[in-house]
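See below for the structure under consideration.
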Amino acid sequence: MIVSSTNTIEGREVLRYFDPISATAVIGANALSEIGASFVDLFGGRSRNYENKLQELYKSVVESLKQNARRYRADAVIGFSVNIDELSGKGTQMFMITAIGTPVLLNEIKHIHAESVGGDIDGSVIKNKVKASLIIERYIGIYTMDNATAEFIATSRLTEFVPLLFKAMNETGEDQVFKDRQATLYV
């Protein structure tokens, strides 16, 4: 599952947003950690003990957030943020980490390869590629295709239509409309 601090996922479209979710984890710092941390505090440096505990806590809360998102059957969590707090009192010290995010359902965005003309992307090429993608998606057979669509397929010379043309070659029909469309495709 994707977990991202951004509000979008590259190459994907958000189909549905669910209510924001959160996950919290708390871990105590033991006496030995306290003694080690006091030396680090006095002499400077890094406290590996605390760093390891915080890393463990972070992993735990991210996994918990993912599990919460799976209950929604979400594909990702976006807008992810983390807050780490220290809780202390009555001789104890603990760390609390809270993660928040929005579970979402995603749809993959179709990428359409566009040829460039003189260094710029030609808008008519993009328009034709989109139209071709829609035709291929909706193609059932030559009978369902109108003459304008058959003409577009024949004149566009887009490679996307090659599998569709092979499929159409295997179709058979007896009436003149069928034969006219087939002839248009194979000019």
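Residues are named by chain letter and number: chains run A, B, ... in the order of the structure tokens, numbers start at 1 in each chain, and ligands are numbered from 1 in the order shown.
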
Do you know which residues are at most 12 Å from A:Val14 counting only C-alpha atoms, after dropping those on the same chain fewer than 4 positions away, and could you put them as a list in words?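 Skipping anything fewer than 4 positions along the chain leaves Asn7, Thr8, Ile9, Glu10, Phe18, Ala74, Asp75, Ala76, Val77, Ile78, Thr102, Pro103, Val104, Leu105, Leu106, Asn107, Glu108 and Ile109 of chain A.
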
Rank A:Ile140, A:Ala168, A:Ala25, A:Ile135 by their smallest atom-to-atom distance to A:Ile84, using only C-alpha atoms, and report the top residue only. A:Ala25

Contact residues around A:Val61 with only C-alpha atoms at 9 Å, ignoring same-chain residues under 4 positions, as a PyMOL selection string: chain A and resi 22-25+56-57+65-66+97-99

Please give the complete set of residues from stretch 58-158 of chain A that DSSP, run on the backbone, assigns to helix (DSSP H, G or I), formatted as a VMD selection string. chain A and resid 58 to 70 123 to 138 142 to 144 147 to 156
